[in-house]
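Participant: So that you have it, the file is query-v2.cif, and it contains mmCIF, C-alpha atoms:
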```cif
data_data
loop_
_atom_site.label_atom_id
_atom_site.label_comp_id
_atom_site.auth_asym_id
_atom_site.auth_seq_id
_atom_site.Cartn_x
_atom_site.Cartn_y
_atom_site.Cartn_z
CA MET A 76 23.49 -143.70 16.11
CA GLU A 77 19.75 -143.62 15.61
CA GLY A 78 18.42 -140.09 15.58
CA TRP A 79 21.61 -138.67 14.04
CA ASP A 80 21.58 -136.87 10.74
CA PRO A 81 23.01 -138.81 7.77
CA SER A 82 26.05 -136.53 7.49
CA THR A 83 27.09 -137.14 11.10
CA LYS A 84 26.58 -140.90 10.71
CA SER A 85 28.64 -140.94 7.53
CA THR A 86 31.46 -138.94 9.11
CA LEU A 87 31.51 -141.05 12.26
CA THR A 88 31.61 -144.36 10.40
CA GLN A 89 34.71 -143.18 8.51
CA ILE A 90 36.72 -142.42 11.66
CA PRO A 91 38.52 -145.61 12.70
CA LEU A 92 37.53 -147.00 16.07
CA LEU A 93 40.29 -147.66 18.58
CA GLY A 94 40.96 -151.04 20.12
CA THR A 95 43.55 -150.54 22.83
CA LYS A 96 42.16 -149.75 26.29
CA ALA A 97 45.16 -147.94 27.74
CA GLY A 98 45.87 -144.57 29.30
CA PRO A 99 48.95 -142.46 29.98
CA ARG A 100 50.03 -144.65 32.91
CA ASP A 101 50.01 -147.88 30.90
CA GLY A 102 53.47 -147.80 29.31
CA ALA A 103 53.59 -149.86 26.12
CA GLY A 104 49.79 -150.01 26.04
CA TRP A 105 49.67 -146.20 25.91
CA THR A 106 52.21 -146.18 23.07
CA GLN A 107 49.94 -148.53 21.11
CA ARG A 108 46.87 -146.43 21.95
CA LEU A 109 48.67 -143.27 20.82
CA LYS A 110 49.44 -144.89 17.45
CA GLU A 111 45.74 -145.69 17.05
CA GLU A 112 44.84 -142.10 18.04
CA TYR A 113 47.16 -140.71 15.35
CA LYS A 114 45.71 -143.05 12.70
CA ALA A 115 42.17 -141.97 13.57
CA LEU A 116 43.14 -138.27 13.57
CA ILE A 117 44.88 -138.61 10.21
CA ALA A 118 41.84 -140.38 8.72
CA TYR A 119 39.47 -137.73 10.11
CA THR A 120 41.66 -134.86 8.87
CA GLN A 121 41.99 -136.39 5.39
CA MET A 122 38.24 -136.97 5.22
CA ASN A 123 37.56 -133.36 6.23
CA LYS A 124 39.99 -132.03 3.63
CA SER A 125 38.52 -134.18 0.87
CA ASN A 126 35.03 -132.89 1.78
CA ASP A 127 36.27 -129.27 1.91
CA ASN A 128 35.46 -129.21 5.62
CA ASP A 129 38.89 -128.58 7.13
CA TRP A 130 38.32 -126.99 10.55
CA PHE A 131 41.12 -127.87 12.98
CA ARG A 132 44.82 -128.58 13.43
CA ILE A 133 46.16 -130.28 16.53
CA SER A 134 49.33 -132.03 17.59
CA ALA A 135 50.79 -133.48 20.72
CA ALA A 136 52.58 -130.76 22.67
CA ASN A 137 54.76 -133.21 24.58
CA PRO A 138 56.53 -136.47 23.68
CA GLU A 139 54.23 -138.50 25.96
CA GLY A 140 51.15 -137.44 23.98
CA THR A 141 49.32 -136.28 27.11
CA ARG A 142 49.09 -132.57 26.21
CA TRP A 143 47.59 -131.43 22.90
CA THR A 144 47.44 -127.97 21.36
CA GLY A 145 46.30 -126.47 18.11
CA LYS A 146 43.72 -124.32 16.40
CA CYS A 147 40.10 -124.77 15.42
CA TRP A 148 37.91 -122.48 13.40
CA TYR A 149 34.33 -121.92 12.43
CA VAL A 150 32.95 -119.97 9.47
CA HIS A 151 29.91 -117.80 10.22
CA ASN A 152 28.44 -115.31 7.73
CA LEU A 153 31.40 -116.04 5.43
CA LEU A 154 33.90 -114.96 8.11
CA LYS A 155 36.39 -117.35 9.70
CA TYR A 156 36.63 -117.26 13.49
CA GLU A 157 39.76 -119.01 14.76
CA PHE A 158 40.43 -120.18 18.32
CA ASP A 159 43.28 -121.76 20.23
CA LEU A 160 42.49 -125.34 21.22
CA GLN A 161 44.16 -127.28 24.02
CA PHE A 162 43.50 -130.26 26.22
CA ASP A 163 45.20 -132.77 28.46
CA ILE A 164 44.61 -136.50 28.32
CA PRO A 165 43.19 -137.49 31.73
CA VAL A 166 45.06 -140.16 33.69
CA THR A 167 41.86 -142.24 33.60
CA TYR A 168 41.68 -142.03 29.78
CA PRO A 169 40.02 -143.61 27.80
CA ALA A 170 37.35 -144.12 30.47
CA THR A 171 37.25 -140.33 30.88
CA ALA A 172 36.97 -138.07 27.83
CA PRO A 173 39.41 -135.18 27.46
CA GLU A 174 38.13 -131.73 28.45
CA LEU A 175 38.48 -129.59 25.34
CA GLU A 176 39.52 -126.00 26.07
CA LEU A 177 39.12 -122.81 24.05
CA PRO A 178 40.86 -120.32 26.39
CA GLN A 179 39.96 -117.25 24.29
CA LEU A 180 36.28 -117.87 24.93
CA ASP A 181 36.58 -118.30 28.68
CA GLY A 182 33.68 -116.51 30.39
CA LYS A 183 31.89 -115.59 27.15
CA THR A 184 29.23 -118.30 27.22
CA GLN A 185 27.37 -120.25 29.89
CA LYS A 186 28.18 -123.46 28.05
CA MET A 187 31.74 -123.38 29.31
CA TYR A 188 33.59 -124.08 32.52
CA ARG A 189 36.43 -122.15 34.12
CA GLY A 190 39.53 -122.08 31.98
CA GLY A 191 37.63 -122.23 28.71
CA LYS A 192 36.61 -125.88 28.99
CA ILE A 193 33.59 -126.45 26.79
CA CYS A 194 30.49 -128.03 28.31
CA LEU A 195 30.01 -131.56 26.99
CA THR A 196 28.37 -133.19 29.99
CA VAL A 197 24.76 -133.66 28.89
CA HIS A 198 25.17 -134.87 25.32
CA PHE A 199 28.70 -136.08 24.79
CA LYS A 200 29.87 -137.74 28.02
CA PRO A 201 27.16 -140.47 28.03
CA LEU A 202 28.02 -141.22 24.40
CA TRP A 203 31.73 -141.39 25.26
CA ALA A 204 31.07 -143.75 28.20
CA LYS A 205 28.92 -146.03 26.03
CA ASN A 206 31.67 -146.26 23.38
CA CYS A 207 34.74 -146.55 25.64
CA PRO A 208 37.46 -147.51 24.62
CA ARG A 209 36.55 -147.34 20.92
CA PHE A 210 36.29 -143.54 20.86
CA GLY A 211 39.38 -141.33 20.88
CA ILE A 212 40.52 -137.78 20.26
CA ALA A 213 39.13 -137.65 16.71
CA HIS A 214 35.72 -138.72 17.98
CA ALA A 215 35.84 -136.06 20.72
CA LEU A 216 36.50 -133.43 18.07
CA CYS A 217 33.80 -134.76 15.72
CA LEU A 218 31.03 -135.33 18.26
CA GLY A 219 32.03 -132.83 20.94
CA LEU A 220 33.86 -129.79 19.63
CA ALA A 221 32.32 -129.54 16.14
CA PRO A 222 28.68 -129.40 17.33
CA TRP A 223 29.65 -127.08 20.19
CA LEU A 224 31.26 -124.62 17.77
CA ALA A 225 28.26 -124.85 15.43
CA ALA A 226 25.86 -124.07 18.28
CA GLU A 227 27.86 -121.45 20.17
CA VAL A 228 29.89 -119.40 17.68
CA PRO A 229 26.89 -117.92 15.82
CA ILE A 230 25.32 -116.88 19.13
CA LEU A 231 28.59 -115.37 20.39
CA VAL A 232 29.07 -113.45 17.13
CA ASP A 233 25.48 -112.22 16.90
CA SER A 234 25.52 -111.07 20.54
CA GLY A 235 28.81 -109.22 20.02
CA MET A 236 30.71 -111.39 22.53
CA ILE A 237 33.31 -112.21 19.87
CA LYS A 238 34.40 -110.12 16.93
CA HIS A 239 36.06 -111.09 13.70
CA LYS A 240 39.77 -110.24 13.60
CA ASP A 241 39.14 -107.79 10.72
CA ASP A 242 36.56 -105.91 12.83
CA ALA A 243 39.08 -105.05 15.53
CA PRO A 244 40.28 -101.43 15.38
CA SER A 245 43.85 -101.16 14.16
CA SER A 246 46.47 -99.56 16.38
CA ASN A 247 47.15 -96.71 13.94
CA GLU A 248 43.53 -95.46 13.95
CA SER A 249 42.90 -92.34 16.04
#
```
Could you write out this structure as structure tokens?
Facilitator:
Amino acid sequence: MEGWDPSTKSTLTQIPLLGTKAGPRDGAGWTQRLKEEYKALIAYTQMNKSNDNDWFRISAANPEGTRWTGKCWYVHNLLKYEFDLQFDIPVTYPATAPELELPQLDGKTQKMYRGGKICLTVHFKPLWAKNCPRFGIAHALCLGLAPWLAAEVPILVDSGMIKHKDDAPSSNES
């Protein structure tokens, strides 16, 4: 954690670490891991809300907890830009981090792969590997998606690649 700003360190230390090394194929182990994931996500969400830094909502999209969907948003120039968020838990999880997807931004930045998967290879994946299995979904959002949004959204807005929903022409304008 050396080299990180104090805010990031503080946030990260408040997200509970996970202890169960189990993936979707591990039956009861995965059930235990999923409980730990939910606890960490709840703690992270509560911390964000208490710091007036609420920026995402996600939930499992299937009973197995292997598909997740939700919304994330970023405020730039006092305007809120909201995006769909989705990801699947890889079968090799937690050894492999989930690939976070923002389908609406697919093809709008070079820091993204096909399907709207955000690029996390250089900075985040080595960190994930070093902290496996202690990191989980909440850590991927905190250390992967949050910095990606902070770096990319302002550039996408300023270049005109994305527009605020209020800037879109309404259908009754001629």
Participant: Just checking: using all atoms listed in the file, which residue out of A:Ala215, A:Leu160, A:His239, A:Ile193 ends up closest to Ile90 of chain A?
Facilitator: A:Ala215
Participant: What's around segment 198-214 of chain A at 7 Å? Count all atoms listed in the file, leave out sequence neighbours fewer than 4 positions away in its own chain, and write the answer as JSON, numbers by chain.
Facilitator: {"A": [92, 93, 94, 96, 112, 115, 116, 119, 169, 170, 172, 218, 219]}
Participant: Using only C-alpha atoms for the distances, tell me which of A:Asp101, A:Asp233, A:Val228, A:Thr141 is nearest to Tyr156 of chain A.
Facilitator: A:Val228
Participant: Figure out the distance between atom CA of Trp223 of chain A and atom CA of Lys146 of chain A, please, to one decimal in Å.
Facilitator: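 According to the coordinates, atom CA of Lys146 of chain A and atom CA of Trp223 of chain A are separated by 14.8 Å.
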Participant: Could you jot down the atom CA of Val166 of chain A to atom CA of Arg142 of chain A separation for me, Å, one decimal place?
Facilitator: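 Interatomic distance, atom CA of Val166 of chain A to atom CA of Arg142 of chain A: 11.4 Å.
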Participant: Quick check on the file I pasted: which residues fall under the PyMOL selection byres ((chain A and resi 162) around 12)? Write them as a PyMOL selection string.
Facilitator: chain A and resi 133-137+140-146+159-161+163-165+172-178+190-193+212+215-216+220
Participant: Figure out the distance between atom CA of Ser234 of chain A and atom CA of Asp181 of chain A, please, to one decimal in Å.
Facilitator: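 Rounded to one decimal, the two atoms are 15.5 Å apart.
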Participant: Using the chain letters and residue numbers of this document, give as a ChimeraX atom specification the residues selected by the PyMOL selection byres ((chain A and resi 231) around 12).
Facilitator: /A:149,151,156,180-186,223-230,232-239
Participant: Tell me which of A:Ala103, A:Met122, A:Ala97, A:Val150 sits closest to Ser85 of chain A, counting all atoms listed in the file.
Facilitator: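 The shortest atom-to-atom distance to Ser85 of chain A comes from A:Met122.
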Participant: Once the PyMOL selection byres ((chain A and resi 128) around 12) has been evaluated on this model, what residues remain selected, and can you format them as a PyMOL selection string?
Facilitator: chain A and resi 86+119-127+129-131+147-150+217+221
